[in-house]
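Text of query-v7.cif, listed as mmCIF, C-alpha atoms:
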data_upload
loop_
_atom_site.group_PDB
_atom_site.id
_atom_site.type_symbol
_atom_site.label_atom_id
_atom_site.label_comp_id
_atom_site.auth_asym_id
_atom_site.auth_seq_id
_atom_site.Cartn_x
_atom_site.Cartn_y
_atom_site.Cartn_z
ATOM 1 C CA MET A 233 -18.883 0.546 11.159
ATOM 2 C CA SER A 234 -18.943 -0.694 7.586
ATOM 3 C CA ASP A 235 -16.155 0.628 5.382
ATOM 4 C CA ILE A 236 -17.564 3.396 3.177
ATOM 5 C CA HIS A 237 -15.129 4.160 0.362
ATOM 6 C CA LEU A 238 -14.919 7.600 -1.202
ATOM 7 C CA ILE A 239 -12.490 9.062 -3.696
ATOM 8 C CA ASP A 240 -9.922 10.877 -1.594
ATOM 9 C CA ALA A 241 -6.709 12.857 -1.886
ATOM 10 C CA ASP A 242 -4.646 9.828 -2.844
ATOM 11 C CA GLU A 243 -6.872 8.974 -5.794
ATOM 12 C CA ALA A 244 -7.910 12.298 -7.309
ATOM 13 C CA VAL A 245 -6.179 15.585 -8.068
ATOM 14 C CA ASP A 246 -7.572 18.481 -6.052
ATOM 15 C CA THR A 247 -9.552 21.090 -7.947
ATOM 16 C CA PRO A 248 -8.418 24.740 -7.629
ATOM 17 C CA PHE A 249 -11.337 25.335 -5.257
ATOM 18 C CA VAL A 250 -10.218 22.506 -2.961
ATOM 19 C CA GLU A 251 -6.635 23.795 -3.014
ATOM 20 C CA PHE A 252 -7.902 27.267 -2.120
ATOM 21 C CA TRP A 253 -9.859 25.939 0.856
ATOM 22 C CA ASN A 254 -6.805 24.092 2.179
ATOM 23 C CA THR A 255 -4.201 26.803 1.633
ATOM 24 C CA VAL A 256 -6.008 30.133 2.080
ATOM 25 C CA LEU A 257 -9.343 29.696 3.831
ATOM 26 C CA ALA A 258 -8.657 26.958 6.373
ATOM 27 C CA PRO A 259 -6.426 29.093 8.662
ATOM 28 C CA LYS A 260 -9.009 31.886 8.587
ATOM 29 C CA PHE A 261 -11.872 29.514 9.449
ATOM 30 C CA ILE A 262 -9.886 28.079 12.346
ATOM 31 C CA ARG A 263 -9.127 31.561 13.671
ATOM 32 C CA PHE A 264 -12.836 32.448 13.628
ATOM 33 C CA ARG A 265 -14.200 29.077 14.593
ATOM 34 C CA HIS A 266 -15.847 30.649 17.642
ATOM 35 C CA ILE A 267 -18.001 32.754 15.304
ATOM 36 C CA LEU A 268 -18.652 30.250 12.541
ATOM 37 C CA VAL A 269 -19.675 27.224 14.567
ATOM 38 C CA GLY A 270 -21.923 29.197 16.898
ATOM 39 C CA GLY A 271 -23.608 31.069 14.093
ATOM 40 C CA LEU A 272 -24.125 28.076 11.862
ATOM 41 C CA THR A 273 -25.466 26.013 14.747
ATOM 42 C CA GLN A 274 -28.427 28.377 15.163
ATOM 43 C CA HIS A 275 -29.727 27.224 11.783
ATOM 44 C CA SER A 276 -29.133 23.502 12.180
ATOM 45 C CA GLU A 277 -30.485 23.457 15.740
ATOM 46 C CA ALA A 278 -33.763 24.862 14.435
ATOM 47 C CA ILE A 279 -34.370 21.717 12.382
ATOM 48 C CA PHE A 280 -32.443 18.901 14.081
ATOM 49 C CA PRO A 281 -35.394 17.808 16.243
ATOM 50 C CA THR A 282 -37.457 17.198 13.092
ATOM 51 C CA LEU A 283 -34.841 15.514 10.893
ATOM 52 C CA PRO A 284 -35.947 12.111 9.520
ATOM 53 C CA VAL A 285 -33.028 10.300 11.177
ATOM 54 C CA HIS A 286 -33.533 7.178 13.266
ATOM 55 C CA GLN A 287 -31.674 4.661 15.397
ATOM 56 C CA GLY A 288 -29.589 2.402 13.183
ATOM 57 C CA ASP A 289 -29.500 4.728 10.162
ATOM 58 C CA LYS A 290 -26.459 5.188 7.954
ATOM 59 C CA VAL A 291 -25.889 8.936 7.477
ATOM 60 C CA LEU A 292 -23.580 11.041 5.308
ATOM 61 C CA ASP A 293 -22.636 14.601 6.352
ATOM 62 C CA VAL A 294 -21.327 16.492 3.285
ATOM 63 C CA GLY A 295 -18.971 19.378 4.019
ATOM 64 C CA CYS A 296 -18.844 18.329 7.659
ATOM 65 C CA GLY A 297 -16.279 20.974 8.599
ATOM 66 C CA PHE A 298 -15.284 20.805 12.267
ATOM 67 C CA GLY A 299 -17.594 17.826 12.770
ATOM 68 C CA ASP A 300 -20.200 19.216 15.166
ATOM 69 C CA THR A 301 -23.189 18.172 13.043
ATOM 70 C CA ALA A 302 -21.714 14.729 12.375
ATOM 71 C CA ILE A 303 -21.391 14.177 16.128
ATOM 72 C CA LYS A 304 -25.008 15.268 16.688
ATOM 73 C CA LEU A 305 -26.164 12.893 13.956
ATOM 74 C CA ALA A 306 -24.074 10.068 15.430
ATOM 75 C CA LYS A 307 -25.830 10.507 18.773
ATOM 76 C CA ILE A 308 -29.219 10.259 17.058
ATOM 77 C CA VAL A 309 -28.471 7.090 15.077
ATOM 78 C CA GLY A 310 -26.927 5.431 18.138
ATOM 79 C CA PRO A 311 -24.469 2.523 18.338
ATOM 80 C CA SER A 312 -26.389 0.519 15.751
ATOM 81 C CA GLY A 313 -26.064 3.339 13.214
ATOM 82 C CA ALA A 314 -23.124 5.072 11.616
ATOM 83 C CA VAL A 315 -22.217 8.550 10.347
ATOM 84 C CA THR A 316 -19.629 9.401 7.712
ATOM 85 C CA GLY A 317 -18.441 12.998 7.496
ATOM 86 C CA ILE A 318 -16.782 14.116 4.272
ATOM 87 C CA ASP A 319 -14.859 17.337 3.742
ATOM 88 C CA CYS A 320 -12.150 18.532 1.369
ATOM 89 C CA CYS A 321 -10.207 20.411 4.044
ATOM 90 C CA ASP A 322 -7.525 18.411 5.864
ATOM 91 C CA VAL A 323 -7.260 20.528 8.996
ATOM 92 C CA PHE A 324 -11.039 20.574 9.487
ATOM 93 C CA LEU A 325 -11.028 16.781 9.504
ATOM 94 C CA GLU A 326 -8.157 16.638 11.979
ATOM 95 C CA ILE A 327 -10.144 18.820 14.375
ATOM 96 C CA ALA A 328 -13.329 16.811 13.765
ATOM 97 C CA LYS A 329 -11.579 13.540 14.626
ATOM 98 C CA LYS A 330 -10.237 15.014 17.873
ATOM 99 C CA GLU A 331 -13.692 16.328 18.784
ATOM 100 C CA ALA A 332 -15.281 12.915 18.200
ATOM 101 C CA LEU A 333 -12.618 11.221 20.330
ATOM 102 C CA ALA A 334 -13.063 13.744 23.133
ATOM 103 C CA SER A 335 -16.848 13.231 22.983
ATOM 104 C CA GLY A 336 -16.500 9.459 23.242
ATOM 105 C CA ILE A 337 -18.285 9.010 19.906
ATOM 106 C CA SER A 338 -17.228 5.813 18.135
ATOM 107 C CA ASN A 339 -19.864 5.530 15.394
ATOM 108 C CA VAL A 340 -18.619 8.448 13.276
ATOM 109 C CA LYS A 341 -15.786 8.429 10.747
ATOM 110 C CA TYR A 342 -14.323 11.244 8.697
ATOM 111 C CA VAL A 343 -13.127 10.992 5.120
ATOM 112 C CA ARG A 344 -11.177 13.459 3.002
ATOM 113 C CA GLY A 345 -13.009 13.806 -0.300
ATOM 114 C CA ASP A 346 -14.880 15.957 -2.799
ATOM 115 C CA ALA A 347 -18.619 15.328 -3.078
ATOM 116 C CA GLU A 348 -18.638 16.848 -6.564
ATOM 117 C CA ILE A 349 -16.350 14.102 -7.838
ATOM 118 C CA ALA A 350 -17.770 10.940 -6.332
ATOM 119 C CA LEU A 351 -19.738 9.437 -3.484
ATOM 120 C CA PRO A 352 -20.675 5.786 -2.906
ATOM 121 C CA HIS A 353 -23.993 4.699 -4.391
ATOM 122 C CA ASN A 354 -27.049 3.517 -2.438
ATOM 123 C CA ALA A 355 -25.137 3.559 0.846
ATOM 124 C CA PHE A 356 -27.045 5.943 3.133
ATOM 125 C CA ASP A 357 -30.499 6.401 4.615
ATOM 126 C CA PHE A 358 -29.986 10.138 5.041
ATOM 127 C CA VAL A 359 -27.633 12.758 3.581
ATOM 128 C CA PHE A 360 -27.086 16.135 5.240
ATOM 129 C CA ALA A 361 -25.165 19.317 4.416
ATOM 130 C CA ARG A 362 -25.016 22.578 6.358
ATOM 131 C CA PHE A 363 -23.795 25.551 4.335
ATOM 132 C CA GLY A 364 -21.629 23.435 2.046
ATOM 133 C CA THR A 365 -23.556 22.923 -1.173
ATOM 134 C CA MET A 366 -23.447 26.659 -2.034
ATOM 135 C CA PHE A 367 -19.758 26.219 -2.830
ATOM 136 C CA PHE A 368 -20.225 23.469 -5.419
ATOM 137 C CA ALA A 369 -18.575 24.596 -8.674
ATOM 138 C CA ASN A 370 -20.969 22.251 -10.458
ATOM 139 C CA PRO A 371 -24.023 22.220 -8.180
ATOM 140 C CA VAL A 372 -26.094 19.804 -10.257
ATOM 141 C CA ALA A 373 -23.268 17.258 -10.255
ATOM 142 C CA GLY A 374 -22.755 17.621 -6.521
ATOM 143 C CA LEU A 375 -26.458 17.387 -5.753
ATOM 144 C CA ARG A 376 -26.794 14.378 -8.053
ATOM 145 C CA ASN A 377 -23.925 12.626 -6.276
ATOM 146 C CA MET A 378 -25.647 13.271 -2.956
ATOM 147 C CA ARG A 379 -28.873 11.767 -4.301
ATOM 148 C CA MET A 380 -27.095 8.722 -5.724
ATOM 149 C CA ALA A 381 -25.437 8.177 -2.342
ATOM 150 C CA LEU A 382 -28.909 7.659 -0.877
ATOM 151 C CA LYS A 383 -30.755 4.380 -0.813
ATOM 152 C CA PRO A 384 -34.007 4.438 -2.836
ATOM 153 C CA GLY A 385 -36.520 6.440 -0.815
ATOM 154 C CA GLY A 386 -33.785 8.058 1.277
ATOM 155 C CA ARG A 387 -33.971 11.755 2.102
ATOM 156 C CA MET A 388 -31.453 14.574 1.940
ATOM 157 C CA VAL A 389 -31.516 17.917 3.732
ATOM 158 C CA HIS A 390 -29.195 20.803 2.992
ATOM 159 C CA ILE A 391 -29.067 24.294 4.470
ATOM 160 C CA VAL A 392 -28.060 27.308 2.368
ATOM 161 C CA TRP A 393 -28.115 31.061 2.854
ATOM 162 C CA ARG A 394 -31.008 33.067 1.470
ATOM 163 C CA ASN A 395 -30.496 36.402 -0.308
ATOM 164 C CA HIS A 396 -28.196 39.340 0.448
ATOM 165 C CA ALA A 397 -30.972 41.504 1.867
ATOM 166 C CA ASP A 398 -31.906 38.911 4.501
ATOM 167 C CA ASN A 399 -28.273 38.313 5.508
ATOM 168 C CA PRO A 400 -26.836 41.710 6.455
ATOM 169 C CA TRP A 401 -24.199 39.945 8.573
ATOM 170 C CA LEU A 402 -22.541 39.048 5.246
ATOM 171 C CA SER A 403 -23.759 41.749 2.854
ATOM 172 C CA MET A 404 -23.332 44.869 4.997
ATOM 173 C CA ALA A 405 -19.561 44.584 5.330
ATOM 174 C CA ARG A 406 -19.096 43.876 1.618
ATOM 175 C CA ASP A 407 -21.100 46.973 0.695
ATOM 176 C CA ILE A 408 -18.927 49.070 3.008
ATOM 177 C CA VAL A 409 -15.628 47.648 1.742
ATOM 178 C CA LEU A 410 -16.710 48.268 -1.860
ATOM 179 C CA GLN A 411 -16.900 51.979 -1.041
ATOM 180 C CA PHE A 412 -13.106 51.919 -0.782
ATOM 181 C CA LEU A 413 -11.969 49.041 -3.004
ATOM 182 C CA PRO A 414 -12.815 47.652 -6.463
ATOM 183 C CA PRO A 415 -14.830 44.449 -6.810
ATOM 184 C CA PRO A 416 -12.833 41.264 -7.435
ATOM 185 C CA GLY A 417 -11.912 40.651 -11.075
ATOM 186 C CA GLU A 418 -12.836 37.691 -13.240
ATOM 187 C CA ASN A 419 -9.618 35.858 -12.335
ATOM 188 C CA ALA A 420 -10.006 36.280 -8.584
ATOM 189 C CA GLN A 421 -9.241 33.254 -6.430
ATOM 190 C CA THR A 422 -12.407 32.063 -4.751
ATOM 191 C CA CYS A 423 -13.795 29.190 -2.706
ATOM 192 C CA GLY A 424 -16.465 28.543 -5.330
ATOM 193 C CA PRO A 425 -19.702 30.260 -6.376
ATOM 194 C CA GLY A 426 -20.164 31.764 -2.923
ATOM 195 C CA PRO A 427 -22.614 31.930 -0.018
ATOM 196 C CA PHE A 428 -25.563 33.273 -2.021
ATOM 197 C CA SER A 429 -25.304 30.942 -5.013
ATOM 198 C CA MET A 430 -28.332 28.934 -3.840
ATOM 199 C CA SER A 431 -30.427 31.785 -2.476
ATOM 200 C CA ASP A 432 -33.042 31.713 -5.240
ATOM 201 C CA GLU A 433 -35.749 29.123 -4.623
ATOM 202 C CA ASP A 434 -36.751 28.655 -8.260
ATOM 203 C CA THR A 435 -33.152 28.191 -9.410
ATOM 204 C CA VAL A 436 -32.309 25.663 -6.714
ATOM 205 C CA ARG A 437 -35.546 23.767 -7.217
ATOM 206 C CA SER A 438 -34.643 23.438 -10.895
ATOM 207 C CA MET A 439 -31.134 22.240 -10.003
ATOM 208 C CA MET A 440 -32.542 19.589 -7.712
ATOM 209 C CA GLN A 441 -35.104 18.448 -10.253
ATOM 210 C CA ILE A 442 -32.341 18.066 -12.842
ATOM 211 C CA ALA A 443 -30.324 16.144 -10.231
ATOM 212 C CA GLY A 444 -33.245 13.694 -9.974
ATOM 213 C CA TYR A 445 -34.910 14.488 -6.647
ATOM 214 C CA ASP A 446 -38.592 14.195 -5.762
ATOM 215 C CA ASP A 447 -40.655 15.888 -3.022
ATOM 216 C CA ILE A 448 -38.524 19.034 -2.915
ATOM 217 C CA GLU A 449 -39.463 21.332 -0.030
ATOM 218 C CA PHE A 450 -38.139 24.707 1.162
ATOM 219 C CA ARG A 451 -38.403 26.028 4.705
ATOM 220 C CA ARG A 452 -37.184 29.453 5.774
ATOM 221 C CA VAL A 453 -35.228 29.784 9.036
ATOM 222 C CA ASP A 454 -34.344 33.173 10.526
ATOM 223 C CA ALA A 455 -31.844 33.325 13.359
ATOM 224 C CA PRO A 456 -29.399 35.732 14.999
ATOM 225 C CA VAL A 457 -25.748 35.119 14.207
ATOM 226 C CA LEU A 458 -22.678 36.135 16.189
ATOM 227 C CA ILE A 459 -20.274 38.269 14.143
ATOM 228 C CA GLY A 460 -17.659 38.859 16.837
ATOM 229 C CA LYS A 461 -16.932 38.975 20.543
ATOM 230 C CA ASN A 462 -16.385 42.737 20.190
ATOM 231 C CA VAL A 463 -16.012 45.349 17.441
ATOM 232 C CA GLU A 464 -12.369 44.530 16.760
ATOM 233 C CA ASP A 465 -13.129 40.813 16.486
ATOM 234 C CA ALA A 466 -16.065 41.506 14.155
ATOM 235 C CA ILE A 467 -13.984 43.715 11.847
ATOM 236 C CA ALA A 468 -11.212 41.134 11.640
ATOM 237 C CA PHE A 469 -13.767 38.415 10.861
ATOM 238 C CA GLN A 470 -15.403 40.402 8.059
ATOM 239 C CA LEU A 471 -12.059 41.233 6.431
ATOM 240 C CA ALA A 472 -10.947 37.612 6.556
ATOM 241 C CA ILE A 473 -13.972 35.557 5.513
ATOM 242 C CA GLY A 474 -16.982 35.950 3.272
ATOM 243 C CA PRO A 475 -17.831 38.488 0.562
ATOM 244 C CA ALA A 476 -16.095 41.419 2.286
ATOM 245 C CA GLY A 477 -13.027 39.281 2.914
ATOM 246 C CA GLU A 478 -12.850 38.354 -0.760
ATOM 247 C CA VAL A 479 -12.944 42.002 -1.830
ATOM 248 C CA TYR A 480 -10.277 42.917 0.713
ATOM 249 C CA ARG A 481 -8.021 39.969 -0.130
ATOM 250 C CA GLU A 482 -8.126 40.545 -3.876
ATOM 251 C CA ALA A 483 -7.371 44.276 -3.577
ATOM 252 C CA GLY A 484 -3.881 43.506 -2.240
ATOM 253 C CA GLU A 485 -1.712 46.561 -1.531
ATOM 254 C CA GLU A 486 -4.582 48.966 -2.158
ATOM 255 C CA ALA A 487 -6.520 47.270 0.642
ATOM 256 C CA GLU A 488 -3.632 47.804 3.043
ATOM 257 C CA LYS A 489 -3.505 51.497 2.149
ATOM 258 C CA GLN A 490 -7.233 51.904 2.716
ATOM 259 C CA LEU A 491 -7.362 49.781 5.885
ATOM 260 C CA PRO A 492 -7.709 52.623 8.438
ATOM 261 C CA GLN A 493 -10.683 54.117 6.553
ATOM 262 C CA ILE A 494 -12.257 50.691 6.019
ATOM 263 C CA GLU A 495 -11.911 49.781 9.689
ATOM 264 C CA ALA A 496 -13.431 53.092 10.756
ATOM 265 C CA ALA A 497 -16.436 52.636 8.466
ATOM 266 C CA LEU A 498 -16.951 49.049 9.587
ATOM 267 C CA ALA A 499 -16.643 50.036 13.256
ATOM 268 C CA LYS A 500 -19.362 52.666 12.843
ATOM 269 C CA ALA A 501 -21.736 50.167 11.242
ATOM 270 C CA ILE A 502 -20.956 47.354 13.672
ATOM 271 C CA ASN A 503 -21.368 49.575 16.733
ATOM 272 C CA ALA A 504 -24.968 50.103 15.652
ATOM 273 C CA GLN A 505 -25.740 46.362 15.928
ATOM 274 C CA LYS A 506 -27.238 44.456 18.846
ATOM 275 C CA MET A 507 -25.169 43.130 21.721
ATOM 276 C CA SER A 508 -25.692 39.784 23.433
ATOM 277 C CA ALA A 509 -23.919 37.996 26.250
ATOM 278 C CA GLU A 510 -21.643 36.365 23.660
ATOM 279 C CA GLY A 511 -20.930 39.492 21.637
ATOM 280 C CA ILE A 512 -22.277 41.354 18.612
ATOM 281 C CA VAL A 513 -25.167 39.729 16.733
ATOM 282 C CA MET A 514 -26.924 40.394 13.444
ATOM 283 C CA SER A 515 -29.842 38.813 11.650
ATOM 284 C CA SER A 516 -29.437 35.975 9.167
ATOM 285 C CA SER A 517 -31.731 33.819 7.067
ATOM 286 C CA SER A 518 -31.409 30.406 5.463
ATOM 287 C CA TRP A 519 -33.300 27.888 3.365
ATOM 288 C CA VAL A 520 -33.631 24.389 4.731
ATOM 289 C CA ILE A 521 -34.175 22.299 1.617
ATOM 290 C CA SER A 522 -35.281 18.673 1.764
ATOM 291 C CA ALA A 523 -35.871 16.151 -0.999
ATOM 292 C CA VAL A 524 -36.164 12.415 -1.655
ATOM 293 C CA ASN A 525 -34.273 9.969 -3.847
ATOM 294 C CA PRO A 526 -37.051 8.246 -5.861
ATOM 295 C CA ARG A 527 -37.671 4.569 -5.210
#
Output the file's structure as structure tokens, nothing else.
Amino acid sequence: MSDIHLIDADEAVDTPFVEFWNTVLAPKFIRFRHILVGGLTQHSEAIFPTLPVHQGDKVLDVGCGFGDTAIKLAKIVGPSGAVTGIDCCDVFLEIAKKEALASGISNVKYVRGDAEIALPHNAFDFVFARFGTMFFANPVAGLRNMRMALKPGGRMVHIVWRNHADNPWLSMARDIVLQFLPPPGENAQTCGPGPFSMSDEDTVRSMMQIAGYDDIEFRRVDAPVLIGKNVEDAIAFQLAIGPAGEVYREAGEEAEKQLPQIEAALAKAINAQKMSAEGIVMSSSSWVISAVNPR
């Protein structure tokens, strides 16, 4: 593989968001990896067969996380192609590297970096991101960097969550927790704008136009998502990650006092959801957004 250079931890100071991912969120994501990877995969699997990726392509996977999409892309581009996965979270990359080694994949590399700060220019045929761009503090800058990383005529595809109403697996628990706890304050520690920051089609289309893209297209994907192996697992997941987790985390001691009532309310709502062979599932909805770097 050619050596793709990105600004990494040794060359740039981490932003507060990056620090938060590494110190607070990473352990939670690892604990609930069985939920996150399975749920997210439903949305990427719906479009992978139609992605404009070919043998020999050079591909960038932004916010690659545990590396499952980078490995899938590496299999598509084959030995003559190459995939670079970039993520700001150290432990995610460690897991991704182990997964690639165990899969016998040699045409994928992982780099620690922040796509909002810098990416190489004109280096890739295709750029992909699954549920990562919603957390850009400066979305136009991040999207522009992704476009500039493409060769002229190259295409990008990113997947983001649609609105609250179409994603009860995230919104329902937050609404319940807010019955017992106050919303996070202005100075709350967060992972960035949040999962619904790119839910509005008109807003995101404008962002991408400002970032310089052409041929912007939106496709809706609806899919079931696992929220836990059982009720206890689902409650723990909701109180650790996502909008409900943020409310609970920021409430501190008050959250601990209200925990029995919160758990009881969540259990009642979760027990009303569908069961599958894997566990409890709820509906979810995403936008698959594609665009082209002008020639």
* Straight-line distance linking CA of Ala483 in chain A with CA of Leu471 in chain A, stated in Å to one decimal -> 11.5 Å
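Using only C-alpha atoms, the protein and nucleic acid residues lying no more than 8 Å from Gly385 in chain A, apart from those fewer than 6 places from it along its own chain, are Val524, Asn525, Pro526 and Arg527 of chain A.
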* To do: Kindly indicate which residue among A:Ser403, A:Ser522, A:Ser516, A:Thr365 lies nearest to Gln274 in chain A, using all atoms listed in the file for the distances.
  => A:Ser516
* Which of A:Asp293, A:Asp322, A:Glu485, A:Asp300 sits closest to Leu351 in chain A [using only C-alpha atoms] -> A:Asp293
* For range 487-498 of chain A, work out the shell of residues within 8 Å, counting all atoms listed in the file and skipping chain neighbours fewer than 6 positions away, then give it as a PyMOL selection string. => chain A and resi 405+408-409+412-413+467+480-481
* **Exercise: residues within 12 Å of coordinate (-27.1, 2.6, -5.1), counting all atoms listed in the file, as a PyMOL selection string** => chain A and resi 351-357+377-386+525-527
How would you write, as a compact mmCIF listing (two decimals) with C-alpha atoms, in the frame of the given file, the residues chosen by the PyMOL selection byres ((chain A and resi 258) around 12) on this structure?
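Output (selection.txt):
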# COMPACT_ATOMS: atom_id res chain seq x y z
CA VAL A 250 -10.22 22.51 -2.96
CA GLU A 251 -6.64 23.80 -3.01
CA PHE A 252 -7.90 27.27 -2.12
CA TRP A 253 -9.86 25.94 0.86
CA ASN A 254 -6.80 24.09 2.18
CA THR A 255 -4.20 26.80 1.63
CA VAL A 256 -6.01 30.13 2.08
CA LEU A 257 -9.34 29.70 3.83
CA PRO A 259 -6.43 29.09 8.66
CA LYS A 260 -9.01 31.89 8.59
CA PHE A 261 -11.87 29.51 9.45
CA ILE A 262 -9.89 28.08 12.35
CA ARG A 263 -9.13 31.56 13.67
CA PHE A 264 -12.84 32.45 13.63
CA ARG A 265 -14.20 29.08 14.59
CA GLY A 297 -16.28 20.97 8.60
CA PHE A 298 -15.28 20.80 12.27
CA ASP A 319 -14.86 17.34 3.74
CA CYS A 320 -12.15 18.53 1.37
CA CYS A 321 -10.21 20.41 4.04
CA ASP A 322 -7.52 18.41 5.86
CA VAL A 323 -7.26 20.53 9.00
CA PHE A 324 -11.04 20.57 9.49
CA LEU A 325 -11.03 16.78 9.50
CA GLU A 326 -8.16 16.64 11.98
CA ILE A 327 -10.14 18.82 14.38
CA CYS A 423 -13.80 29.19 -2.71
CA ALA A 472 -10.95 37.61 6.56
CA ILE A 473 -13.97 35.56 5.51
* **Among listed residues A:Ile279, A:Ala509, A:Val457, A:Ala306, nearest Asn399 in chain A (using all atoms listed in the file)** => A:Val457
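Counting all atoms listed in the file, the residue from A:Leu305, A:Gly270, A:Ala314, A:Gly511 that sits nearest to Gly288 in chain A is A:Ala314.
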* Need the neighbours of (-20.3, 28.7, -2.0): which residues are at most 7 Å away, counting only C-alpha atoms, as a list in words? ->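 Looking at atoms near the point gives Gly364, Thr365, Met366, Phe367, Phe368, Cys423, Gly424, Pro425, Gly426, Pro427, Phe428 and Ser429 of chain A.
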* To one decimal place, how far is CA of Phe358 in chain A from CA of Ser518 in chain A in Å? ->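 So the answer is 20.3 Å.
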* Given the file above and the PyMOL selection byres ((chain A and resi 311) around 9), which residues are selected, and can you give them as a PyMOL selection string? -> chain A and resi 287-288+306-307+309-310+312-314+338-339
* Asked: Selected by the PyMOL selection byres ((chain A and resi 316) around 7) in the shown coordinates: which residues, as a list in words?
  ->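 Applying the PyMOL selection byres ((chain A and resi 316) around 7) to the structure shown produces Val291, Leu292, Asp293, Ala314, Val315, Gly317, Ile318, Val340, Lys341 and Tyr342 of chain A.
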Saved selection, atoms kept: C-alpha atoms, as a PDB file, keeping the file's coordinate frame:
ATOM      1  CA  VAL A 291     -25.889   8.936   7.477  1.00  0.00           C
ATOM      2  CA  LEU A 292     -23.580  11.041   5.308  1.00  0.00           C
ATOM      3  CA  ASP A 293     -22.636  14.601   6.352  1.00  0.00           C
ATOM      4  CA  ALA A 314     -23.124   5.072  11.616  1.00  0.00           C
ATOM      5  CA  VAL A 315     -22.217   8.550  10.347  1.00  0.00           C
ATOM      6  CA  GLY A 317     -18.441  12.998   7.496  1.00  0.00           C
ATOM      7  CA  ILE A 318     -16.782  14.116   4.272  1.00  0.00           C
ATOM      8  CA  VAL A 340     -18.619   8.448  13.276  1.00  0.00           C
ATOM      9  CA  LYS A 341     -15.786   8.429  10.747  1.00  0.00           C
ATOM     10  CA  TYR A 342     -14.323  11.244   8.697  1.00  0.00           C
TER      11      TYR A 342
END
